[in-house]
Each structure stands twice: as structure tokens, then as C-alpha cells.
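Enquirer: Contents are compact mmCIF, C-alpha atoms; file name entry.txt:
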# COMPACT_ATOMS: atom_id res chain seq x y z
CA MET A 1 -4.26 -8.33 8.02
CA ALA A 2 -1.60 -10.93 8.49
CA ASP A 3 1.24 -10.36 6.05
CA LEU A 4 0.32 -11.04 2.42
CA LEU A 5 3.06 -13.67 2.01
CA THR A 6 1.40 -15.78 4.70
CA HIS A 7 -1.99 -15.38 3.03
CA VAL A 8 -0.88 -16.39 -0.47
CA LEU A 9 1.26 -19.29 0.79
CA THR A 10 -1.64 -20.58 2.91
CA ALA A 11 -3.86 -20.54 -0.19
CA TYR A 12 -1.05 -22.25 -2.16
CA VAL A 13 -0.74 -25.01 0.45
CA LEU A 14 -4.49 -25.68 0.62
CA ALA A 15 -4.94 -25.67 -3.17
CA THR A 16 -1.81 -27.77 -3.81
CA LEU A 17 -2.93 -30.42 -1.33
CA LEU A 18 -6.36 -30.42 -3.00
CA SER A 19 -4.66 -30.88 -6.38
CA VAL A 20 -3.27 -34.21 -5.18
CA ARG A 21 -6.84 -35.48 -4.74
CA ASP A 22 -8.62 -33.61 -7.54
CA GLU A 23 -7.13 -33.31 -11.03
CA ARG A 24 -9.38 -30.34 -11.80
CA VAL A 25 -7.15 -28.33 -9.44
CA THR A 26 -4.54 -27.51 -12.07
CA PRO A 27 -1.53 -25.19 -11.53
CA ALA A 28 -3.70 -22.35 -12.93
CA MET A 29 -6.36 -23.11 -10.30
CA VAL A 30 -3.74 -23.13 -7.55
CA THR A 31 -2.85 -19.63 -8.78
CA ALA A 32 -6.54 -18.67 -8.61
CA ALA A 33 -6.58 -19.67 -4.93
CA MET A 34 -3.49 -17.51 -4.32
CA VAL A 35 -5.21 -14.58 -6.05
CA GLY A 36 -8.19 -15.18 -3.75
CA GLY A 37 -5.76 -14.87 -0.85
CA VAL A 38 -4.80 -11.41 -2.11
CA VAL A 39 -8.32 -10.09 -2.75
CA PRO A 40 -9.28 -8.90 0.80
CA ASP A 41 -6.01 -6.97 1.02
CA LEU A 42 -6.93 -4.92 -2.05
CA ASN A 43 -8.08 -2.38 0.53
CA ARG A 44 -4.35 -1.48 0.67
CA ILE A 45 -4.96 0.47 -2.55
CA GLY A 46 -5.73 3.12 0.05
CA LEU A 47 -2.00 3.42 0.77
CA LEU A 48 -1.53 4.63 -2.83
CA VAL A 49 -4.84 6.47 -3.29
CA PRO A 50 -6.21 7.49 0.13
CA ALA A 51 -9.99 7.26 0.54
CA GLU A 52 -9.96 10.93 1.62
CA THR A 53 -8.57 11.86 -1.81
CA VAL A 54 -11.37 9.94 -3.55
CA GLU A 55 -13.93 11.53 -1.22
CA SER A 56 -12.73 15.04 -2.00
CA LEU A 57 -12.69 14.28 -5.74
CA LEU A 58 -16.16 12.72 -5.87
CA GLY A 59 -17.74 14.66 -3.02
CA ILE A 60 -19.27 11.51 -1.53
CA PRO A 61 -18.25 9.11 1.29
CA PHE A 62 -15.81 6.41 0.23
CA ALA A 63 -13.88 3.62 2.01
CA TRP A 64 -11.48 1.10 0.47
CA ASP A 65 -12.10 -1.06 3.55
CA ALA A 66 -15.29 -2.28 1.83
CA LEU A 67 -12.87 -4.61 0.00
CA LEU A 68 -12.03 -6.23 3.34
CA THR A 69 -15.63 -7.40 3.83
CA VAL A 70 -17.65 -10.35 2.53
CA GLY A 71 -19.67 -7.93 0.39
CA GLY A 72 -16.63 -6.41 -1.31
CA VAL A 73 -14.77 -9.68 -1.89
CA SER A 74 -17.90 -11.38 -3.23
CA VAL A 75 -18.17 -8.77 -5.97
CA VAL A 76 -14.43 -8.90 -6.75
CA VAL A 77 -14.63 -12.72 -6.96
CA ALA A 78 -17.61 -12.38 -9.33
CA LEU A 79 -15.56 -10.00 -11.50
CA GLY A 80 -12.70 -12.50 -11.53
CA VAL A 81 -15.02 -15.34 -12.52
CA LEU A 82 -16.37 -13.28 -15.43
CA LEU A 83 -12.83 -12.96 -16.79
CA VAL A 84 -12.43 -16.71 -17.43
CA PRO A 85 -14.15 -19.04 -19.96
CA HIS A 86 -17.55 -20.39 -19.01
CA ARG A 87 -16.31 -23.98 -18.50
CA LEU A 88 -13.81 -22.80 -15.86
CA ARG A 89 -16.10 -20.49 -13.93
CA SER A 90 -17.32 -22.80 -11.16
CA MET A 91 -13.81 -24.11 -10.45
CA THR A 92 -12.33 -20.61 -10.55
CA ALA A 93 -15.05 -19.37 -8.17
CA ALA A 94 -14.30 -22.26 -5.80
CA MET A 95 -10.54 -21.61 -5.83
CA LEU A 96 -10.88 -17.83 -5.42
CA SER A 97 -13.30 -18.44 -2.54
CA LEU A 98 -10.88 -20.89 -0.93
CA GLY A 99 -8.17 -18.21 -0.88
CA VAL A 100 -10.59 -15.58 0.42
CA LEU A 101 -11.88 -17.88 3.17
CA ALA A 102 -8.35 -18.75 4.29
CA HIS A 103 -7.53 -15.02 4.36
CA PHE A 104 -10.53 -14.13 6.51
CA THR A 105 -9.83 -17.03 8.87
CA LEU A 106 -6.23 -15.90 9.45
CA ASP A 107 -7.30 -12.26 9.85
CA TYR A 108 -10.04 -13.19 12.33
CA LEU A 109 -7.34 -14.65 14.61
CA LEU A 110 -5.38 -11.36 14.68
CA LEU A 111 -4.86 -9.24 17.76
CA PHE A 112 -6.94 -6.03 17.79
CA PRO A 113 -6.49 -3.50 20.63
CA SER A 114 -10.26 -3.15 21.19
CA GLY A 115 -10.77 -6.94 21.05
CA TYR A 116 -13.15 -6.45 18.09
CA THR A 117 -12.20 -7.27 14.52
CA HIS A 118 -12.82 -5.21 11.41
CA PRO A 119 -16.52 -5.60 10.38
CA TYR A 120 -15.70 -8.48 8.02
CA LEU A 121 -19.32 -9.56 7.61
CA TRP A 122 -20.53 -6.20 6.23
CA PRO A 123 -23.07 -5.61 4.67
CA VAL A 124 -24.67 -8.58 6.49
CA THR A 125 -23.77 -6.81 9.73
CA ALA A 126 -21.66 -3.71 10.37
CA ALA A 127 -20.55 -5.00 13.76
CA GLY A 128 -16.97 -5.95 14.51
CA LEU A 129 -16.61 -9.52 15.78
CA PRO A 130 -15.12 -10.32 19.17
CA GLY A 131 -11.93 -12.11 18.12
CA PRO A 132 -9.56 -14.56 19.83
CA ASN A 133 -6.70 -11.99 19.58
CA LEU A 134 -3.99 -14.59 18.97
CA TYR A 135 -1.22 -12.82 17.06
CA LEU A 136 -0.02 -9.54 15.54
CA SER A 137 -0.11 -8.83 11.82
CA SER A 138 3.62 -8.04 12.02
CA ALA A 139 4.51 -11.30 13.80
CA ARG A 140 7.28 -13.22 11.98
CA TRP A 141 6.30 -16.79 12.88
CA PRO A 142 3.18 -17.04 10.63
CA ALA A 143 5.31 -16.42 7.52
CA VAL A 144 7.94 -18.93 8.74
CA VAL A 145 5.26 -21.60 9.28
CA ALA A 146 3.64 -20.76 5.93
CA VAL A 147 6.97 -21.04 4.07
CA ALA A 148 7.68 -24.43 5.71
CA CYS A 149 4.18 -25.73 4.85
CA ALA A 150 4.48 -24.40 1.27
CA GLY A 151 7.79 -26.24 0.90
CA PHE A 152 6.15 -29.46 2.10
CA ALA A 153 3.18 -28.99 -0.27
CA TRP A 154 5.55 -28.31 -3.18
CA LEU A 155 7.44 -31.54 -2.43
CA VAL A 156 4.20 -33.54 -2.23
CA SER A 157 3.06 -32.03 -5.53
CA ARG A 158 6.41 -32.75 -7.21
CA ARG A 159 6.41 -36.38 -6.05
CA ARG A 160 2.93 -36.80 -7.48
CA ARG A 161 3.98 -35.32 -10.84
CA GLU A 162 7.02 -37.60 -10.93
CA SER A 163 4.99 -40.70 -10.12
CA GLU A 164 2.42 -39.75 -12.80
CA ALA A 165 5.20 -39.24 -15.33
CA ALA A 166 6.66 -42.65 -14.44
CA THR A 167 3.22 -44.30 -14.79
CA HIS A 168 2.54 -42.71 -18.17
CA GLY A 169 6.10 -43.00 -19.39
CA MET B 170 -21.53 -12.15 -29.65
CA ARG B 171 -24.60 -12.51 -27.47
CA SER B 172 -22.62 -14.17 -24.66
CA ILE B 173 -19.96 -11.47 -24.88
CA SER B 174 -22.52 -8.72 -24.46
CA ARG B 175 -24.16 -10.62 -21.61
CA ARG B 176 -20.77 -10.89 -19.96
CA SER B 177 -20.20 -7.16 -20.49
CA VAL B 178 -23.53 -6.36 -18.84
CA ALA B 179 -22.69 -8.61 -15.87
CA PHE B 180 -19.19 -7.10 -15.61
CA THR B 181 -20.59 -3.55 -15.68
CA ALA B 182 -23.23 -4.45 -13.08
CA CYS B 183 -20.56 -5.89 -10.77
CA CYS B 184 -18.40 -2.76 -11.16
CA ALA B 185 -21.41 -0.59 -10.32
CA LEU B 186 -22.20 -2.76 -7.29
CA LEU B 187 -18.59 -2.49 -6.14
CA VAL B 188 -18.79 1.32 -6.31
CA VAL B 189 -22.03 1.20 -4.29
CA LEU B 190 -20.27 -0.92 -1.63
CA LEU B 191 -17.20 1.36 -1.53
CA VAL B 192 -19.45 4.37 -1.02
CA GLY B 193 -21.76 2.54 1.38
CA HIS B 194 -18.87 1.47 3.60
CA GLY B 195 -17.73 5.09 3.65
CA THR B 196 -21.01 6.08 5.30
CA LEU B 197 -20.37 3.83 8.34
CA THR B 198 -19.98 5.88 11.49
CA PRO B 199 -18.45 4.81 14.81
CA ASP B 200 -20.73 2.71 16.99
CA PRO B 201 -19.01 1.43 20.15
CA ALA B 202 -21.91 -0.95 20.82
CA ALA B 203 -21.05 -2.67 17.51
CA GLY B 204 -17.28 -2.69 18.14
CA ARG B 205 -16.57 0.31 15.87
CA PHE B 206 -14.85 3.06 17.85
CA PRO B 207 -14.02 6.70 17.01
CA GLY B 208 -10.49 6.98 15.58
CA ASN B 209 -7.75 9.48 14.84
CA ASP B 210 -9.98 11.96 12.99
CA ALA B 211 -12.55 12.21 15.80
CA VAL B 212 -9.85 12.51 18.49
CA ALA B 213 -7.95 15.15 16.50
CA ALA B 214 -11.16 17.10 15.96
CA GLY B 215 -12.09 16.76 19.65
CA THR B 216 -15.55 15.43 18.77
CA VAL B 217 -15.36 12.44 21.14
CA ASP B 218 -17.60 12.48 24.20
CA ASP B 219 -15.88 12.59 27.59
CA GLY B 220 -15.60 8.99 28.78
CA GLY B 221 -15.98 7.62 25.25
CA ARG B 222 -13.89 4.69 24.06
CA VAL B 223 -11.53 5.29 21.12
CA VAL B 224 -9.04 3.37 18.96
CA VAL B 225 -6.16 5.46 17.63
CA ALA B 226 -2.89 4.78 15.84
CA GLY B 227 0.21 6.94 15.80
CA VAL B 228 3.88 7.32 16.62
CA VAL B 229 5.24 8.08 20.09
CA GLU B 230 6.86 11.52 20.15
CA ALA B 231 7.91 12.04 23.75
CA GLU B 232 7.38 11.12 27.36
CA THR B 233 6.15 13.99 29.56
CA ALA B 234 5.10 14.35 33.19
CA ASP B 235 1.49 14.32 31.97
CA GLY B 236 1.81 11.15 29.89
CA THR B 237 3.06 9.94 26.51
CA VAL B 238 2.61 12.29 23.56
CA VAL B 239 1.49 10.39 20.45
CA ALA B 240 1.48 12.01 16.99
CA LEU B 241 -1.71 11.08 15.13
CA GLY B 242 -0.63 12.51 11.77
CA GLU B 243 -1.40 15.76 9.94
CA GLY B 244 0.09 17.74 12.83
CA SER B 245 -2.30 16.54 15.52
CA ARG B 246 -1.17 14.82 18.72
CA ILE B 247 -2.70 13.44 21.89
CA THR B 248 -1.47 12.68 25.39
CA VAL B 249 -1.90 9.06 26.43
CA ARG B 250 -1.76 8.03 30.08
CA GLY B 251 -0.77 4.54 31.16
CA LEU B 252 1.25 3.79 28.03
CA ASP B 253 4.74 2.30 28.19
CA ALA B 254 6.37 2.95 24.81
CA ALA B 255 9.67 4.46 23.68
CA PRO B 256 9.84 7.46 21.33
CA ASP B 257 9.57 6.62 17.60
CA THR B 258 7.65 3.38 18.19
CA GLY B 259 4.30 2.90 16.51
CA VAL B 260 1.27 2.44 18.76
CA TRP B 261 -2.24 1.23 18.02
CA LEU B 262 -4.29 1.59 21.16
CA TYR B 263 -7.72 1.30 22.67
CA GLY B 264 -8.60 3.59 25.53
CA THR B 265 -10.97 6.03 27.18
CA TYR B 266 -11.03 9.68 26.10
CA ARG B 267 -11.23 12.13 28.99
CA ASP B 268 -10.27 15.82 29.40
CA GLY B 269 -8.44 15.93 26.06
CA ALA B 270 -6.30 12.87 26.81
CA ILE B 271 -6.62 9.09 26.49
CA ARG B 272 -6.37 6.57 29.32
CA ASN B 273 -4.80 3.50 27.69
CA ARG B 274 -6.65 0.19 28.13
CA ARG B 275 -4.74 -1.98 25.68
CA ALA B 276 -1.97 -0.98 23.28
CA ILE B 277 -0.09 -2.74 20.51
CA VAL B 278 3.41 -1.27 20.41
CA ARG B 279 5.61 -1.91 17.39
CA ALA B 280 9.05 -0.71 16.33
CA GLN B 281 9.21 0.98 12.95
CA TRP B 282 11.17 -1.95 11.49
CA GLU B 283 8.21 -4.23 12.21
CA HIS B 284 6.03 -2.09 9.94
CA THR B 285 8.78 -2.19 7.31
CA TYR B 286 8.94 -6.00 7.65
CA LEU B 287 5.15 -6.27 7.24
CA TYR B 288 5.11 -4.24 4.03
CA ALA B 289 8.27 -5.82 2.57
CA VAL B 290 7.10 -9.39 3.11
CA SER B 291 3.63 -8.48 1.83
CA LEU B 292 5.19 -7.01 -1.33
CA LEU B 293 7.04 -10.32 -1.75
CA GLY B 294 3.73 -12.19 -1.45
CA GLY B 295 2.14 -9.89 -4.06
CA LEU B 296 5.03 -10.32 -6.51
CA LEU B 297 5.02 -14.11 -6.00
CA THR B 298 1.32 -14.23 -6.90
CA LEU B 299 1.75 -11.88 -9.86
CA GLY B 300 4.59 -14.03 -11.19
CA ARG B 301 2.47 -17.17 -10.91
CA VAL B 302 -0.48 -15.47 -12.65
CA VAL B 303 1.77 -14.55 -15.60
CA ARG B 304 3.26 -18.09 -15.65
CA THR B 305 -0.02 -20.02 -15.49
CA TRP B 306 -2.59 -17.77 -17.22
CA ARG B 307 -2.64 -15.80 -20.46
CA VAL B 308 -4.95 -13.26 -22.08
CA ASP B 309 -6.91 -14.54 -25.06
CA ALA B 310 -7.12 -11.38 -27.16
CA ASP B 311 -9.92 -12.83 -29.34
CA THR B 312 -12.38 -13.32 -26.50
CA TRP B 313 -10.90 -10.92 -23.93
CA GLN B 314 -10.72 -13.75 -21.44
CA LEU B 315 -8.05 -15.17 -19.17
CA VAL B 316 -7.26 -18.77 -20.05
CA PRO B 317 -4.83 -21.21 -18.44
CA ARG B 318 -1.58 -21.52 -20.38
CA GLY B 319 -1.27 -24.75 -22.33
CA GLU B 320 -5.04 -25.28 -22.58
CA ASP B 321 -7.40 -24.66 -25.48
CA ARG B 322 -9.69 -21.71 -25.09
CA GLY B 323 -13.24 -22.47 -24.00
Would you mind writing the structure in this file as C-alpha cells?
Expert:
Amino acid sequence: MADLLTHVLTAYVLATLLSVRDERVTPAMVTAAMVGGVVPDLNRIGLLVPAETVESLLGIPFAWDALLTVGGVSVVVALGVLLVPHRLRSMTAAMLSLGVLAHFTLDYLLLFPSGYTHPYLWPVTAAGLPGPNLYLSSARWPAVVAVACAGFAWLVSRRRRESEAATHG
Amino acid sequence: MRSISRRSVAFTACCALLVVLLVGHGTLTPDPAAGRFPGNDAVAAGTVDDGGRVVVAGVVEAETADGTVVALGEGSRITVRGLDAAPDTGVWLYGTYRDGAIRNRRAIVRAQWEHTYLYAVSLLGGLLTLGRVVRTWRVDADTWQLVPRGEDRG
């Protein structure tokens, strides 16, 4: 995983720029995209409750890393969509998926020692993907770039709000 | 009432499916042909075939004449040959297991502060998102739904 700040800011940037074009992308929907950016990293629950602990308690195999796959995130996104009113479900699904997609794209570019990524496409396939191995998850520059882009997106969004207020005022 | 119960059924079905996936992923075993290599547990247990490829993560303990000793956690350690890393640095490496040691092929070496940075900045990202969720969404206690703040419930 790239750092979570980079993931949520990338989702913020993409959703905020979309909001300039599409008024259905409200501030709440921008938040939904950011939540989507968090979803694949829910496998980090394993830092608090190790999978081995769950396995010994239940007596069956268990892996939090299922949450870092298209199968796991699809179900979590479906759960998120069920939490909102019916009229907001398609937009919420789209925004959550945007954040998830941005997350997987950034993670696919990461450097893995074997050259193969985590099996992100499971259960479609359990194979790791040969990745481009571009950067480390602990690299500092992705967060710096993400913060700069988020600042730009925030300014664009603020200018739009101000011009709308001037038009309506 | 009907839609609420339908939503409950769908929610329960999704939770059950999530449990199935969490258990199903736990049954995956290493398969080098599919890019999934034996890890710390297999190396510590010595169940890796001679000449097999492995991916392990640990902390460098010491440099010896035989190679670099890497602690894999829970008291187990392995000697890695061809690794250039100072004591107390974290390593995540891919290599070939032979005669109870690993020949390093490619290693990612990181100082402990880099791990601290990763978790600290990730915590910041999590808190930023949580703060925005609280600021832009609210719980409608009547319908048990999340609704955007400042909008009528749907």
C-alpha cells in the first residue's frame, strides 16, 4: 500500500475536480470517494487483530488481506451503499468505486521484491500481477505530490463556489 | 417497513459473503508459478524446498562471516547471503532458500523511521477522512441510514 494520506488525497482530488463538472458530486460525495480510498487498506485491521488470533479463535483459515482484493472491496462497497438512502445509492457506489480504483492503481505501481503484486484480482484469479515496480510504499514524494494536487483542487473548488455565490447573489 | 427488512436481508447477505471471502482468502497457499511465494512462517518452520523461492520480511540483527542474520519474529531468524543492510534496518526480500539460508535476489531495505513515517502519515489520512465523514454525513436515527448533512432524508 502507498501511504493512506496519498490514497485519500488522490480520491479527494479526483472527486473535487469531478464536482466542478457535475453538481451531483456534492461535498458528501467527495467524502464517499475518500472513504473508497480507505477501503482496500481495511486489511490493516490485522495490525490490531492478527489473522492468526482469529484463526485460533474460530478454528478455520482467515486472512484480512481478502479486503485488499476486488472481491473484498466489492462487498464492502455494497455494504456502504446499503447504508445510504435509495436515491443516493448509484452516486455513492460510483464515488466509493472511484476511490477504490484510484487506490488499486497506486498500489499496482508499488515496488514488490518478487516483482509480483498482491493478488488484487482475487477471487477472479489468485495470481499476483507482474507490476511496474515504480516506488516504495514508504516513499515521501507521493504524499508531497498528493498534498500539492489537493491544494490545487481545493482552490479550484473554492473559486467555483465563490463564482456561484456571486452569480446567485 | 418492507424496504427496511429487504435492506436488512441484503446487509446480512453481504456480511456473510464477506466472512466467506475472509475465510476463503485464508485458504490460499503459496504458489510460485502464480507469484505467491512462501513467507516467514514457512521459512521459520523449515518447510521450504531446497532451491525454492521465498519472500520474507524482518529486521537485520547482525552481520556474520556466513551472511546477514535477519530476525523474522517470534524468535526465529534466518541467514541471508548477498544482502547489504545495517543492523536494525527492516528488510523485505525475495530470494532462493538453500541449506537453511536465503540467497538474496532483490531486497527492499528501510530504516525503522520510514516505517514510523508510513504509519504516522497513514493515521493522518485516516483521521482526515473520519473528520470529513463526520462533517458531511449524519446518521438518521429514524431510518438507520447515513444521509448528507443539510439535505432532506430520502
Enquirer: Figure out the distance between atom CA of Gly46 of chain A and atom CA of Ala66 of chain A, please, to one decimal in Å.
Expert: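 Value for the atom CA of Ala66 of chain A-atom CA of Gly46 of chain A distance: 11.1 Å.
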Enquirer: Could the residues of segment 266-321 of chain B that have an atom at most 12 Å from segment 224-233 of chain B be listed as CSV, each with its closest atom pair and the distance in Å to one decimal, counting all atoms listed in the file and ordered by chain and ascending residue number?
Expert:
residue,atom,partner,partner_atom,distance
B:Tyr266,CA,B:Val224,CA,9.7
B:Ala270,CA,B:Val225,CA,11.8
B:Ile271,CA,B:Val225,CA,9.6
B:Arg272,CA,B:Val224,CA,11.2
B:Asn273,CA,B:Val224,CA,9.7
B:Arg274,CA,B:Val224,CA,10.0
B:Arg275,CA,B:Val224,CA,9.6
B:Ala276,CA,B:Val224,CA,9.4
B:Ile277,CA,B:Ala226,CA,9.3
B:Val278,CA,B:Val228,CA,9.4
B:Arg279,CA,B:Val228,CA,9.4
B:Ala280,CA,B:Val228,CA,9.6
B:Gln281,CA,B:Val228,CA,9.1
B:His284,CA,B:Val228,CA,11.7
Enquirer: For the interface of chain A with chain B (cut-off 6 Å, counting all atoms listed in the file), please tabulate each contacting residue of chain A alongside its nearest pair of atoms and their separation in Å to one decimal, rows sorted by chain and increasing number, as JSON lines.
Expert:
{"residue": "A:Asp3", "atom": "CA", "partner": "B:Ser291", "partner_atom": "CA", "distance": 5.2}
{"residue": "A:Leu4", "atom": "CA", "partner": "B:Ser291", "partner_atom": "CA", "distance": 4.2}
{"residue": "A:Leu5", "atom": "CA", "partner": "B:Gly294", "partner_atom": "CA", "distance": 3.8}
{"residue": "A:Ala28", "atom": "CA", "partner": "B:Thr305", "partner_atom": "CA", "distance": 5.1}
{"residue": "A:Pro61", "atom": "CA", "partner": "B:Gly195", "partner_atom": "CA", "distance": 4.7}
{"residue": "A:Phe62", "atom": "CA", "partner": "B:Gly195", "partner_atom": "CA", "distance": 4.1}
{"residue": "A:Ala63", "atom": "CA", "partner": "B:Gly195", "partner_atom": "CA", "distance": 4.4}
{"residue": "A:Ala66", "atom": "CA", "partner": "B:Leu191", "partner_atom": "CA", "distance": 5.3}
{"residue": "A:Leu83", "atom": "CA", "partner": "B:Gln314", "partner_atom": "CA", "distance": 5.2}
{"residue": "A:Val84", "atom": "CA", "partner": "B:Leu315", "partner_atom": "CA", "distance": 5.0}
{"residue": "A:Pro85", "atom": "CA", "partner": "B:Gly323", "partner_atom": "CA", "distance": 5.4}
{"residue": "A:Pro113", "atom": "CA", "partner": "B:Tyr263", "partner_atom": "CA", "distance": 5.4}
{"residue": "A:Ser114", "atom": "CA", "partner": "B:Tyr263", "partner_atom": "CA", "distance": 5.3}
{"residue": "A:Tyr116", "atom": "CA", "partner": "B:Gly204", "partner_atom": "CA", "distance": 5.6}
{"residue": "A:Ala127", "atom": "CA", "partner": "B:Ala203", "partner_atom": "CA", "distance": 4.4}
{"residue": "A:Gly128", "atom": "CA", "partner": "B:Gly204", "partner_atom": "CA", "distance": 4.9}
{"residue": "A:Ser138", "atom": "CA", "partner": "B:Leu287", "partner_atom": "CA", "distance": 5.3}
Enquirer: In Å, rounded to a single decimal, give me how far atom CA of Arg160 of chain A is from atom CA of Val25 of chain A.
Expert: 13.3 Å
Enquirer: What is the distance between atom CA of Val81 of chain A and atom CA of Ala93 of chain A, in Å to one decimal?
Expert: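 Rounded to one decimal, the two atoms are 5.9 Å apart.
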Enquirer: Supply segment 201-220 of chain B as a CSV table (one decimal), keeping the file's coordinate frame, with N, CA, C and O atoms built in where the input has gaps.
Expert:
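Contents of the output file result.csv:
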chain,number,residue,atom,x,y,z
B,201,PRO,N,-19.7,2.3,19.2
B,201,PRO,CA,-19.0,1.4,20.2
B,201,PRO,C,-19.8,0.2,20.5
B,201,PRO,O,-19.2,-0.9,20.8
B,202,ALA,N,-21.1,0.2,20.5
B,202,ALA,CA,-21.9,-1.0,20.8
B,202,ALA,C,-21.7,-2.1,19.8
B,202,ALA,O,-21.9,-3.2,20.1
B,203,ALA,N,-21.3,-1.7,18.6
B,203,ALA,CA,-21.0,-2.7,17.5
B,203,ALA,C,-19.6,-2.9,17.3
B,203,ALA,O,-19.2,-3.5,16.3
B,204,GLY,N,-18.7,-2.4,18.3
B,204,GLY,CA,-17.3,-2.7,18.1
B,204,GLY,C,-16.6,-1.8,17.2
B,204,GLY,O,-15.5,-2.0,16.8
B,205,ARG,N,-17.2,-0.7,16.8
B,205,ARG,CA,-16.6,0.3,15.9
B,205,ARG,C,-16.4,1.6,16.7
B,205,ARG,O,-17.4,2.3,17.0
B,206,PHE,N,-15.1,2.0,16.9
B,206,PHE,CA,-14.8,3.1,17.8
B,206,PHE,C,-14.3,4.3,17.1
B,206,PHE,O,-13.7,4.1,16.0
B,207,PRO,N,-14.6,5.5,17.6
B,207,PRO,CA,-14.0,6.7,17.0
B,207,PRO,C,-12.5,6.6,16.9
B,207,PRO,O,-11.9,6.0,17.8
B,208,GLY,N,-11.9,7.1,15.8
B,208,GLY,CA,-10.5,7.0,15.6
B,208,GLY,C,-9.7,8.3,15.6
B,208,GLY,O,-10.2,9.3,16.2
B,209,ASN,N,-8.6,8.3,14.8
B,209,ASN,CA,-7.8,9.5,14.8
B,209,ASN,C,-8.5,10.8,14.5
B,209,ASN,O,-8.3,11.8,15.1
B,210,ASP,N,-9.3,10.7,13.5
B,210,ASP,CA,-10.0,12.0,13.0
B,210,ASP,C,-10.8,12.6,14.1
B,210,ASP,O,-10.8,13.8,14.3
B,211,ALA,N,-11.6,11.7,14.8
B,211,ALA,CA,-12.6,12.2,15.8
B,211,ALA,C,-11.8,12.7,17.0
B,211,ALA,O,-12.1,13.8,17.6
B,212,VAL,N,-10.7,12.1,17.4
B,212,VAL,CA,-9.8,12.5,18.5
B,212,VAL,C,-9.2,13.8,18.1
B,212,VAL,O,-9.2,14.8,19.0
B,213,ALA,N,-8.6,13.9,16.9
B,213,ALA,CA,-8.0,15.2,16.5
B,213,ALA,C,-8.9,16.3,16.5
B,213,ALA,O,-8.6,17.5,16.8
B,214,ALA,N,-10.2,16.0,16.1
B,214,ALA,CA,-11.2,17.1,16.0
B,214,ALA,C,-11.8,17.4,17.3
B,214,ALA,O,-12.5,18.4,17.5
B,215,GLY,N,-11.5,16.5,18.3
B,215,GLY,CA,-12.1,16.8,19.6
B,215,GLY,C,-13.6,16.5,19.7
B,215,GLY,O,-14.3,17.1,20.5
B,216,THR,N,-14.1,15.7,18.8
B,216,THR,CA,-15.6,15.4,18.8
B,216,THR,C,-16.0,14.2,19.6
B,216,THR,O,-17.1,13.7,19.4
B,217,VAL,N,-15.0,13.6,20.3
B,217,VAL,CA,-15.4,12.4,21.1
B,217,VAL,C,-15.9,12.9,22.5
B,217,VAL,O,-15.5,13.8,23.1
B,218,ASP,N,-17.0,12.2,22.9
B,218,ASP,CA,-17.6,12.5,24.2
B,218,ASP,C,-16.6,12.1,25.3
B,218,ASP,O,-15.9,11.1,25.2
B,219,ASP,N,-16.7,12.9,26.4
B,219,ASP,CA,-15.9,12.6,27.6
B,219,ASP,C,-16.3,11.2,28.1
B,219,ASP,O,-17.5,10.9,28.3
B,220,GLY,N,-15.3,10.3,28.3
B,220,GLY,CA,-15.6,9.0,28.8
B,220,GLY,C,-15.8,8.0,27.6
B,220,GLY,O,-16.0,6.8,27.9
